[in-house]
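Enquirer: Sharing structure24.cif, mmCIF, C-alpha atoms:
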data_final
loop_
_atom_site.group_PDB
_atom_site.id
_atom_site.type_symbol
_atom_site.label_atom_id
_atom_site.label_comp_id
_atom_site.auth_asym_id
_atom_site.auth_seq_id
_atom_site.Cartn_x
_atom_site.Cartn_y
_atom_site.Cartn_z
ATOM 1 C CA MET O 559 125.922 118.045 109.990
ATOM 2 C CA THR O 560 125.029 114.394 110.360
ATOM 3 C CA ILE O 561 121.974 114.998 108.228
ATOM 4 C CA VAL O 562 124.082 116.532 105.468
ATOM 5 C CA ILE O 563 126.405 113.509 105.363
ATOM 6 C CA ILE O 564 123.531 111.071 105.498
ATOM 7 C CA GLY O 565 121.649 113.084 102.880
ATOM 8 C CA GLY O 566 124.598 112.550 100.564
ATOM 9 C CA PHE O 567 124.078 108.821 100.880
ATOM 10 C CA ILE O 568 120.370 109.060 100.230
ATOM 11 C CA ILE O 569 120.970 110.557 96.805
ATOM 12 C CA GLN O 570 122.323 107.181 95.755
ATOM 13 C CA ILE O 571 118.860 105.629 95.894
ATOM 14 C CA PRO O 572 117.271 107.318 92.861
ATOM 15 C CA GLN O 573 120.319 106.411 90.771
ATOM 16 C CA ILE O 574 119.481 102.704 90.911
ATOM 17 C CA PRO O 575 119.455 101.675 87.249
ATOM 18 C CA ILE O 576 116.616 99.405 86.262
ATOM 19 C CA LEU O 577 117.708 96.085 84.834
ATOM 20 C CA GLU O 578 115.195 93.348 84.294
ATOM 21 C CA GLN O 579 112.077 91.752 85.818
ATOM 22 C CA THR O 580 111.544 90.810 89.443
ATOM 23 C CA ALA O 581 115.199 90.161 90.157
ATOM 24 C CA ARG O 582 115.298 93.906 90.685
ATOM 25 C CA ASN O 583 113.197 93.436 93.774
ATOM 26 C CA ILE O 584 116.402 92.413 95.513
ATOM 27 C CA PHE O 585 117.420 96.085 95.521
ATOM 28 C CA PHE O 586 114.346 96.969 97.537
ATOM 29 C CA HIS O 587 113.359 93.890 99.496
ATOM 30 C CA VAL O 588 116.778 92.953 100.889
ATOM 31 C CA PRO O 589 117.885 96.468 101.974
ATOM 32 C CA MET O 590 114.615 96.745 103.931
ATOM 33 C CA TRP O 591 115.762 93.923 106.172
ATOM 34 C CA MET O 592 119.286 95.291 106.359
ATOM 35 C CA ALA O 593 117.872 98.638 107.482
ATOM 36 C CA MET O 594 115.751 96.803 110.036
ATOM 37 C CA TYR O 595 118.793 94.956 111.428
ATOM 38 C CA ALA O 596 120.701 98.236 111.603
ATOM 39 C CA MET O 597 117.864 99.879 113.519
ATOM 40 C CA PHE O 598 117.391 96.989 115.953
ATOM 41 C CA LEU O 599 121.123 96.866 116.557
ATOM 42 C CA THR O 600 121.180 100.604 117.262
ATOM 43 C CA SER O 601 118.242 100.140 119.566
ATOM 44 C CA CYS O 602 120.039 97.358 121.429
ATOM 45 C CA ILE O 603 123.228 99.416 121.780
ATOM 46 C CA TYR O 604 121.281 102.283 123.324
ATOM 47 C CA SER O 605 119.462 99.879 125.635
ATOM 48 C CA ILE O 606 122.809 98.600 126.884
ATOM 49 C CA ARG O 607 124.032 102.162 127.310
ATOM 50 C CA TYR O 608 120.871 102.974 129.224
ATOM 51 C CA LEU O 609 121.465 100.116 131.640
ATOM 52 C CA ASN O 610 125.060 101.254 131.966
ATOM 53 C CA SER O 611 124.131 104.828 132.809
ATOM 54 C CA PRO O 612 120.425 105.436 133.332
ATOM 55 C CA GLU O 613 119.836 108.636 131.383
ATOM 56 C CA MET O 614 116.519 109.131 129.653
ATOM 57 C CA ARG O 615 118.098 110.206 126.358
ATOM 58 C CA PHE O 616 119.416 106.683 125.774
ATOM 59 C CA ASP O 617 115.980 105.244 126.398
ATOM 60 C CA ILE O 618 114.424 107.679 123.929
ATOM 61 C CA LYS O 619 117.012 106.736 121.321
ATOM 62 C CA ALA O 620 116.418 103.022 121.840
ATOM 63 C CA GLU O 621 112.669 103.493 121.503
ATOM 64 C CA SER O 622 112.912 105.570 118.308
ATOM 65 C CA ALA O 623 115.311 103.109 116.701
ATOM 66 C CA ALA O 624 113.027 100.165 117.476
ATOM 67 C CA ASN O 625 110.099 102.136 116.078
ATOM 68 C CA VAL O 626 111.827 102.848 112.759
ATOM 69 C CA GLY O 627 113.064 99.245 112.674
ATOM 70 C CA ILE O 628 109.500 97.973 112.839
ATOM 71 C CA VAL O 629 108.463 100.276 109.983
ATOM 72 C CA PHE O 630 111.220 98.846 107.797
ATOM 73 C CA GLY O 631 110.330 95.335 108.904
ATOM 74 C CA ILE O 632 106.724 95.858 107.824
ATOM 75 C CA CYS O 633 107.977 97.152 104.470
ATOM 76 C CA GLY O 634 110.130 94.048 104.086
ATOM 77 C CA LEU O 635 107.275 91.734 104.975
ATOM 78 C CA LEU O 636 104.779 93.372 102.606
ATOM 79 C CA THR O 637 107.215 93.511 99.705
ATOM 80 C CA GLY O 638 108.190 89.890 100.336
ATOM 81 C CA SER O 639 104.543 88.920 100.305
ATOM 82 C CA LEU O 640 103.868 90.648 96.997
ATOM 83 C CA TRP O 641 106.997 89.164 95.481
ATOM 84 C CA ALA O 642 105.994 85.703 96.664
ATOM 85 C CA ARG O 643 102.528 86.076 95.133
ATOM 86 C CA PHE O 644 103.935 86.401 91.624
ATOM 87 C CA THR O 645 106.900 84.078 91.855
ATOM 88 C CA TRP O 646 105.779 81.349 94.252
ATOM 89 C CA GLY O 647 102.062 81.753 93.538
ATOM 90 C CA THR O 648 100.827 82.565 97.007
ATOM 91 C CA TRP O 649 100.704 85.581 99.295
ATOM 92 C CA TRP O 650 101.696 83.669 102.371
ATOM 93 C CA THR O 651 102.694 80.098 103.075
ATOM 94 C CA PHE O 652 103.297 78.466 106.398
ATOM 95 C CA ALA O 653 105.697 76.021 104.780
ATOM 96 C CA GLU O 654 108.175 78.877 104.361
ATOM 97 C CA PRO O 655 110.292 79.247 107.506
ATOM 98 C CA LYS O 656 111.959 82.558 106.764
ATOM 99 C CA MET O 657 108.654 84.287 106.087
ATOM 100 C CA ASN O 658 107.023 83.130 109.285
ATOM 101 C CA LEU O 659 110.058 83.648 111.483
ATOM 102 C CA ALA O 660 110.428 87.181 110.136
ATOM 103 C CA ALA O 661 106.823 87.824 111.116
ATOM 104 C CA LEU O 662 107.571 86.342 114.530
ATOM 105 C CA ALA O 663 110.607 88.616 114.937
ATOM 106 C CA LEU O 664 108.390 91.610 114.212
ATOM 107 C CA MET O 665 105.869 90.389 116.776
ATOM 108 C CA ILE O 666 108.634 90.319 119.382
ATOM 109 C CA TYR O 667 109.327 93.974 118.676
ATOM 110 C CA VAL O 668 105.642 94.879 118.676
ATOM 111 C CA ALA O 669 105.571 93.292 122.123
ATOM 112 C CA TYR O 670 108.379 95.680 123.095
ATOM 113 C CA PHE O 671 106.018 98.608 122.535
ATOM 114 C CA VAL O 672 103.147 96.853 124.250
ATOM 115 C CA LEU O 673 105.441 96.353 127.223
ATOM 116 C CA ARG O 674 106.426 100.015 127.200
ATOM 117 C CA SER O 675 102.826 101.171 127.207
ATOM 118 C CA ALA O 676 102.120 99.005 130.237
ATOM 119 C CA PHE O 677 104.183 101.228 132.577
ATOM 120 C CA ASP O 678 103.401 104.708 133.812
ATOM 121 C CA ASP O 679 106.572 105.182 135.755
ATOM 122 C CA GLU O 680 109.268 106.389 133.366
ATOM 123 C CA GLU O 681 112.337 104.948 135.047
ATOM 124 C CA LYS O 682 110.766 101.571 135.532
ATOM 125 C CA ARG O 683 109.494 101.484 131.962
ATOM 126 C CA ALA O 684 112.877 102.436 130.579
ATOM 127 C CA LYS O 685 114.703 99.837 132.617
ATOM 128 C CA ILE O 686 112.408 96.907 131.865
ATOM 129 C CA ALA O 687 112.099 97.900 128.199
ATOM 130 C CA ALA O 688 115.902 98.000 127.949
ATOM 131 C CA VAL O 689 116.227 94.509 129.391
ATOM 132 C CA TYR O 690 113.492 93.179 127.101
ATOM 133 C CA ASN O 691 115.104 94.861 124.116
ATOM 134 C CA ILE O 692 118.427 93.133 124.723
ATOM 135 C CA PHE O 693 116.598 89.828 124.905
ATOM 136 C CA ALA O 694 114.678 90.635 121.719
ATOM 137 C CA VAL O 695 117.766 91.477 119.678
ATOM 138 C CA THR O 696 119.415 88.160 120.531
ATOM 139 C CA THR O 697 116.499 86.292 118.943
ATOM 140 C CA ILE O 698 116.903 88.110 115.611
ATOM 141 C CA PRO O 699 119.994 86.278 114.294
ATOM 142 C CA PHE O 700 118.515 82.935 115.307
ATOM 143 C CA LEU O 701 115.103 83.594 113.817
ATOM 144 C CA LEU O 702 116.367 85.075 110.567
ATOM 145 C CA TYR O 703 119.680 83.336 109.969
ATOM 146 C CA VAL O 704 120.322 80.186 111.956
ATOM 147 C CA VAL O 705 116.945 78.427 111.883
ATOM 148 C CA PRO O 706 115.916 79.206 108.256
ATOM 149 C CA ARG O 707 119.248 77.886 107.056
ATOM 150 C CA GLN O 708 118.604 74.501 108.619
ATOM 151 C CA LEU O 709 115.249 74.060 106.926
ATOM 152 C CA THR O 710 114.179 73.507 103.352
ATOM 153 C CA SER O 711 112.688 76.537 101.709
ATOM 154 C CA LEU O 712 112.279 78.345 98.431
ATOM 155 C CA HIS O 713 113.751 81.476 99.934
ATOM 156 C CA PRO O 714 117.457 82.008 99.191
ATOM 157 C CA GLY O 715 119.609 81.239 102.176
ATOM 158 C CA ALA O 716 118.034 77.882 103.020
ATOM 159 C CA ASP O 717 119.490 74.377 103.218
ATOM 160 C CA GLY O 718 122.808 75.666 104.457
ATOM 161 C CA ASN O 719 123.260 77.989 101.470
ATOM 162 C CA PRO O 720 124.231 81.581 101.907
ATOM 163 C CA ALA O 721 121.520 83.987 100.814
ATOM 164 C CA PHE O 722 123.773 85.787 98.407
ATOM 165 C CA SER O 723 127.445 85.499 97.769
ATOM 166 C CA GLU O 724 128.370 83.161 94.899
ATOM 167 C CA ILE O 725 124.791 83.007 93.621
ATOM 168 C CA THR O 726 124.204 86.690 93.116
ATOM 169 C CA ALA O 727 125.392 88.093 89.795
ATOM 170 C CA VAL O 728 128.139 90.684 89.902
ATOM 171 C CA GLU O 729 126.033 93.340 88.152
ATOM 172 C CA LEU O 730 123.362 92.998 90.797
ATOM 173 C CA ARG O 731 125.872 93.594 93.542
ATOM 174 C CA TYR O 732 127.019 96.926 92.138
ATOM 175 C CA ILE O 733 123.549 98.208 92.843
ATOM 176 C CA LEU O 734 122.613 96.049 95.802
ATOM 177 C CA TYR O 735 125.376 97.297 98.085
ATOM 178 C CA PRO O 736 124.822 101.007 97.407
ATOM 179 C CA ALA O 737 121.095 100.359 97.830
ATOM 180 C CA MET O 738 121.771 98.761 101.208
ATOM 181 C CA ILE O 739 123.948 101.673 102.275
ATOM 182 C CA GLY O 740 121.343 104.082 100.945
ATOM 183 C CA PHE O 741 118.436 102.491 102.748
ATOM 184 C CA ILE O 742 120.381 102.069 105.976
ATOM 185 C CA ALA O 743 121.316 105.751 105.753
ATOM 186 C CA LEU O 744 117.682 106.588 105.078
ATOM 187 C CA SER O 745 116.663 104.592 108.137
ATOM 188 C CA PHE O 746 119.185 106.477 110.255
ATOM 189 C CA TRP O 747 117.881 109.776 108.931
ATOM 190 C CA ILE O 748 114.274 108.847 109.781
ATOM 191 C CA TYR O 749 115.457 107.573 113.145
ATOM 192 C CA ASP O 750 117.157 110.903 113.769
ATOM 193 C CA ILE O 751 113.946 112.816 113.039
ATOM 194 C CA VAL O 752 111.852 110.539 115.265
ATOM 195 C CA HIS O 753 114.400 110.713 118.033
ATOM 196 C CA ARG O 754 114.578 114.523 117.881
ATOM 197 C CA TYR O 755 110.794 114.702 118.018
ATOM 198 C CA LYS O 756 110.693 112.414 121.038
ATOM 199 C CA THR O 757 113.407 114.385 122.812
ATOM 200 C CA VAL O 758 111.503 117.649 122.358
ATOM 201 C CA GLN O 759 108.323 115.963 123.497
ATOM 202 C CA TYR O 760 110.057 114.583 126.571
ATOM 203 C CA ARG O 761 111.454 118.008 127.438
ATOM 204 C CA THR O 762 108.117 119.772 127.100
ATOM 205 C CA GLU O 763 106.443 117.193 129.295
ATOM 206 C CA ASN O 764 109.072 117.588 131.993
ATOM 207 C CA SER O 765 109.406 121.351 132.072
ATOM 208 C CA MET L 38 104.587 48.196 96.793
ATOM 209 C CA GLN L 39 105.818 51.369 98.347
ATOM 210 C CA GLU L 40 103.283 53.476 96.482
ATOM 211 C CA ASP L 41 100.528 51.270 97.778
ATOM 212 C CA SER L 42 101.610 51.650 101.377
ATOM 213 C CA VAL L 43 101.887 55.392 100.925
ATOM 214 C CA GLY L 44 98.447 55.392 99.400
ATOM 215 C CA VAL L 45 97.053 53.567 102.390
ATOM 216 C CA VAL L 46 98.763 55.751 104.938
ATOM 217 C CA ASP L 47 98.304 59.046 103.155
ATOM 218 C CA THR L 48 94.677 59.851 103.728
ATOM 219 C CA LEU L 49 95.363 63.554 104.026
ATOM 220 C CA THR L 50 96.192 64.077 100.346
ATOM 221 C CA GLN L 51 92.892 62.641 99.183
ATOM 222 C CA VAL L 52 90.836 64.680 101.587
ATOM 223 C CA TYR L 53 92.648 67.953 101.223
ATOM 224 C CA SER L 54 94.133 67.853 97.728
ATOM 225 C CA ASP L 55 91.370 69.977 96.245
ATOM 226 C CA LYS L 56 91.855 72.481 99.041
ATOM 227 C CA TRP L 57 95.542 73.038 98.354
ATOM 228 C CA THR L 58 94.807 75.728 95.892
ATOM 229 C CA GLY L 59 98.002 77.714 96.411
ATOM 230 C CA ALA L 60 99.683 76.407 93.264
ATOM 231 C CA GLU L 61 96.520 76.450 91.190
ATOM 232 C CA GLN L 62 95.922 80.146 91.781
ATOM 233 C CA PHE L 63 98.812 80.721 89.434
ATOM 234 C CA ASN L 64 96.633 79.814 86.455
ATOM 235 C CA GLU L 65 93.811 82.062 87.507
ATOM 236 C CA THR L 66 93.273 84.933 85.123
ATOM 237 C CA ASN L 67 91.659 88.260 85.586
ATOM 238 C CA PRO L 68 92.579 91.625 84.049
ATOM 239 C CA LEU L 69 94.658 92.679 87.047
ATOM 240 C CA LEU L 70 96.682 89.478 87.171
ATOM 241 C CA THR L 71 97.390 89.461 83.443
ATOM 242 C CA PHE L 72 98.510 93.049 83.792
ATOM 243 C CA MET L 73 100.854 92.122 86.634
ATOM 244 C CA TYR L 74 102.304 89.180 84.683
ATOM 245 C CA SER L 75 102.900 91.266 81.567
ATOM 246 C CA ASN L 76 106.327 92.610 80.620
ATOM 247 C CA ASP L 77 108.307 90.010 82.587
ATOM 248 C CA LEU L 78 106.637 90.801 85.924
ATOM 249 C CA ILE L 79 107.977 94.349 85.866
ATOM 250 C CA TYR L 80 104.851 95.649 87.566
ATOM 251 C CA VAL L 81 105.654 93.488 90.592
ATOM 252 C CA VAL L 82 108.806 95.548 91.026
ATOM 253 C CA LEU L 83 106.690 98.664 90.675
ATOM 254 C CA GLY L 84 104.325 97.328 93.331
ATOM 255 C CA VAL L 85 107.189 96.539 95.693
ATOM 256 C CA THR L 86 108.674 100.024 95.394
ATOM 257 C CA LEU L 87 105.234 101.565 95.793
ATOM 258 C CA ILE L 88 104.648 99.591 98.994
ATOM 259 C CA ILE L 89 107.930 100.841 100.457
ATOM 260 C CA TRP L 90 107.183 104.387 99.358
ATOM 261 C CA CYS L 91 103.655 104.332 100.794
ATOM 262 C CA VAL L 92 104.634 102.810 104.145
ATOM 263 C CA LEU L 93 107.523 105.235 104.632
ATOM 264 C CA LEU L 94 105.405 108.170 103.498
ATOM 265 C CA PHE L 95 102.619 107.176 105.862
ATOM 266 C CA PHE L 96 105.100 106.921 108.722
ATOM 267 C CA MET L 97 106.618 110.318 107.937
ATOM 268 C CA PHE L 98 103.151 111.876 107.735
ATOM 269 C CA ARG L 99 102.389 110.489 111.167
ATOM 270 C CA VAL L 100 105.593 111.968 112.588
ATOM 271 C CA ASP L 101 104.780 115.248 110.858
ATOM 272 C CA LYS L 102 101.339 115.312 112.456
ATOM 273 C CA LYS L 103 102.792 114.604 115.879
ATOM 274 C CA VAL L 104 105.330 117.408 115.455
ATOM 275 C CA SER L 105 102.545 119.796 114.430
ATOM 276 C CA SER L 106 100.481 118.974 117.489
ATOM 277 C CA LEU L 107 103.555 119.460 119.657
ATOM 278 C CA GLU L 108 104.158 122.841 118.030
ATOM 279 C CA ASP L 109 100.570 123.854 118.713
ATOM 280 C CA LYS L 110 100.989 122.851 122.309
ATOM 281 C CA LEU L 111 104.194 124.852 122.653
ATOM 282 C CA ASN L 112 102.702 127.892 120.956
ATOM 283 C CA SER L 113 99.594 127.901 123.101
ATOM 284 C CA GLU L 114 101.608 127.725 126.302
#
Could you take the file, read its structure, and then write that structure out as structure tokens?
Expert:
Amino acid sequence: MTIVIIGGFIIQIPQIPILEQTARNIFFHVPMWMAMYAMFLTSCIYSIRYLNSPEMRFDIKAESAANVGIVFGICGLLTGSLWARFTWGTWWTFAEPKMNLAALALMIYVAYFVLRSAFDDEEKRAKIAAVYNIFAVTTIPFLLYVVPRQLTSLHPGADGNPAFSEITAVELRYILYPAMIGFIALSFWIYDIVHRYKTVQYRTENS
Amino acid sequence: MQEDSVGVVDTLTQVYSDKWTGAEQFNETNPLLTFMYSNDLIYVVLGVTLIIWCVLLFFMFRVDKKVSSLEDKLNSE
């Protein structure tokens, strides 16, 4: 049932009308990050629920959500890099805070999986991973919103400006918001598949 | 006056200025780059969507593979 509802949202993605030049990247690059935030937030919520009541299903959900979040983060980073190459003239620059801090945020989540693989005992792994995950999610708003806004940068959302509100044209927003909803829904759908796979795997290993 | 003092202090620019090639790369031309810059950079958008498509597809293939191996395991049991 959930899949049917979410599937309805996904249909919105192909309907994105194509306007003009690279400004259209906003429909793809920005929703990637929004999907990543959604996934990391879901992951954090399940980590908290796991600590509240230690059941393995919450841990599995938190792990799957973080996994899908990283995939979307990588998409966002790669698309941002390609976009930067043809508008700023370089693949990667260390003078650009948002770029580097986004990479750092992804590293923090990669470390989450490294940490998980370091434990053999399931309960212990789940508990420590949950605590680390809650720590990791608190760094995200600082790394991607607070700090980049204090620094000078070519990326929108620097120097105390909002990334998009007055600046973004109205026509862009008609497509941007459905695209965000669409990609977030897509991320939840993928998360659901991954989580179902992991649940089945967990059951077969423990039966 | 001020330019002079900057010139004295700023030794880095002289040494490294020819190494800061980031901005210069923009003028570089080869068939691929001219293709990418054609039609108001539209192919950049194509590239961006292709990246997303490929990464997601790769991820889904990996999940698919894992599910298949799990199925094999369950069937053989």
Enquirer: Within 9 Å of range 676-681 of chain O, counting all atoms listed in the file, which residues qualify if same-chain residues fewer than 4 places away don't, as a ChimeraX atom specification?
Expert: /O:612,614,671-672,685-686
Enquirer: For the provided coordinates, the residues matched by the PyMOL selection byres ((chain O) within 9 of (chain L)) should be stated as a compact mmCIF listing (two decimals) with C-alpha atoms, keeping the file's coordinate frame.
Expert:
# COMPACT_ATOMS: atom_id res chain seq x y z
CA GLU O 578 115.20 93.35 84.29
CA GLN O 579 112.08 91.75 85.82
CA THR O 580 111.54 90.81 89.44
CA ALA O 581 115.20 90.16 90.16
CA ARG O 582 115.30 93.91 90.68
CA ASN O 583 113.20 93.44 93.77
CA PHE O 586 114.35 96.97 97.54
CA HIS O 587 113.36 93.89 99.50
CA MET O 590 114.62 96.74 103.93
CA VAL O 626 111.83 102.85 112.76
CA VAL O 629 108.46 100.28 109.98
CA PHE O 630 111.22 98.85 107.80
CA ILE O 632 106.72 95.86 107.82
CA CYS O 633 107.98 97.15 104.47
CA GLY O 634 110.13 94.05 104.09
CA LEU O 636 104.78 93.37 102.61
CA THR O 637 107.22 93.51 99.70
CA GLY O 638 108.19 89.89 100.34
CA LEU O 640 103.87 90.65 97.00
CA TRP O 641 107.00 89.16 95.48
CA ARG O 643 102.53 86.08 95.13
CA PHE O 644 103.94 86.40 91.62
CA THR O 645 106.90 84.08 91.86
CA TRP O 646 105.78 81.35 94.25
CA GLY O 647 102.06 81.75 93.54
CA THR O 648 100.83 82.56 97.01
CA TRP O 649 100.70 85.58 99.30
CA THR O 651 102.69 80.10 103.08
CA ILE O 748 114.27 108.85 109.78
CA ILE O 751 113.95 112.82 113.04
CA VAL O 752 111.85 110.54 115.26
CA TYR O 755 110.79 114.70 118.02
CA VAL O 758 111.50 117.65 122.36
CA GLN O 759 108.32 115.96 123.50
CA THR O 762 108.12 119.77 127.10
Enquirer: Rounded to one decimal, what separation in Å do you get between CA of Ile666 in chain O and CA of Ile628 in chain O?
Expert: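 CA of Ile628 in chain O lies at a distance of 10.1 Å from CA of Ile666 in chain O.
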Enquirer: Check what the PyMOL selection byres ((chain O and resi 669) around 12) selects in the file above and give those residues as a list of chain:residue names.
Expert: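 This file, filtered by the PyMOL selection byres ((chain O and resi 669) around 12), leaves O:Ala624, O:Asn625, O:Ile628, O:Leu662, O:Ala663, O:Leu664, O:Met665, O:Ile666, O:Tyr667, O:Val668, O:Tyr670, O:Phe671, O:Val672, O:Leu673, O:Arg674, O:Ser675, O:Ala676, O:Ala687, O:Tyr690, O:Asn691, O:Phe693, O:Ala694.
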Enquirer: Could you take the residues named above and write them with C-alpha atoms, as a PDB file, in the frame of the given file?
Expert:
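What ended up in selection.pdb:
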ATOM      1  CA  ALA O 624     113.027 100.165 117.476  1.00  0.00           C
ATOM      2  CA  ASN O 625     110.099 102.136 116.078  1.00  0.00           C
ATOM      3  CA  ILE O 628     109.500  97.973 112.839  1.00  0.00           C
ATOM      4  CA  LEU O 662     107.571  86.342 114.530  1.00  0.00           C
ATOM      5  CA  ALA O 663     110.607  88.616 114.937  1.00  0.00           C
ATOM      6  CA  LEU O 664     108.390  91.610 114.212  1.00  0.00           C
ATOM      7  CA  MET O 665     105.869  90.389 116.776  1.00  0.00           C
ATOM      8  CA  ILE O 666     108.634  90.319 119.382  1.00  0.00           C
ATOM      9  CA  TYR O 667     109.327  93.974 118.676  1.00  0.00           C
ATOM     10  CA  VAL O 668     105.642  94.879 118.676  1.00  0.00           C
ATOM     11  CA  TYR O 670     108.379  95.680 123.095  1.00  0.00           C
ATOM     12  CA  PHE O 671     106.018  98.608 122.535  1.00  0.00           C
ATOM     13  CA  VAL O 672     103.147  96.853 124.250  1.00  0.00           C
ATOM     14  CA  LEU O 673     105.441  96.353 127.223  1.00  0.00           C
ATOM     15  CA  ARG O 674     106.426 100.015 127.200  1.00  0.00           C
ATOM     16  CA  SER O 675     102.826 101.171 127.207  1.00  0.00           C
ATOM     17  CA  ALA O 676     102.120  99.005 130.237  1.00  0.00           C
ATOM     18  CA  ALA O 687     112.099  97.900 128.199  1.00  0.00           C
ATOM     19  CA  TYR O 690     113.492  93.179 127.101  1.00  0.00           C
ATOM     20  CA  ASN O 691     115.104  94.861 124.116  1.00  0.00           C
ATOM     21  CA  PHE O 693     116.598  89.828 124.905  1.00  0.00           C
ATOM     22  CA  ALA O 694     114.678  90.635 121.719  1.00  0.00           C
TER      23      ALA O 694
END
Enquirer: Enter the distance from CA of Pro589 in chain O to CA of Gly740 in chain O, in Å, rounded to one decimal.
Expert: 8.4 Å
Enquirer: Any idea what the distance is between CA of Phe598 in chain O and CA of Arg754 in chain O?
Expert: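 Result for CA of Phe598 in chain O versus CA of Arg754 in chain O: 17.9 Å, one decimal.
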Enquirer: Carefully work through the PyMOL selection byres ((chain O and resi 605) around 8) for this structure and note down the residues it includes, as a PyMOL selection string.
Expert: chain O and resi 601-604+606-609+616-617+620+688-689+691-692
Enquirer: With C-alpha atoms retained, could you export that selection as a PDB file, keeping the file's coordinate frame?
Expert:
ATOM      1  CA  SER O 601     118.242 100.140 119.566  1.00  0.00           C
ATOM      2  CA  CYS O 602     120.039  97.358 121.429  1.00  0.00           C
ATOM      3  CA  ILE O 603     123.228  99.416 121.780  1.00  0.00           C
ATOM      4  CA  TYR O 604     121.281 102.283 123.324  1.00  0.00           C
ATOM      5  CA  ILE O 606     122.809  98.600 126.884  1.00  0.00           C
ATOM      6  CA  ARG O 607     124.032 102.162 127.310  1.00  0.00           C
ATOM      7  CA  TYR O 608     120.871 102.974 129.224  1.00  0.00           C
ATOM      8  CA  LEU O 609     121.465 100.116 131.640  1.00  0.00           C
ATOM      9  CA  PHE O 616     119.416 106.683 125.774  1.00  0.00           C
ATOM     10  CA  ASP O 617     115.980 105.244 126.398  1.00  0.00           C
ATOM     11  CA  ALA O 620     116.418 103.022 121.840  1.00  0.00           C
ATOM     12  CA  ALA O 688     115.902  98.000 127.949  1.00  0.00           C
ATOM     13  CA  VAL O 689     116.227  94.509 129.391  1.00  0.00           C
ATOM     14  CA  ASN O 691     115.104  94.861 124.116  1.00  0.00           C
ATOM     15  CA  ILE O 692     118.427  93.133 124.723  1.00  0.00           C
TER      16      ILE O 692
END
Enquirer: Mind checking which residues fall within 7 Å of His753 in chain O, counting only C-alpha atoms, ignoring those fewer than 2 positions away in the same chain, and posting them as an NGL selection string?
Expert: :O and (618-619 or 622 or 749-751 or 755-757)
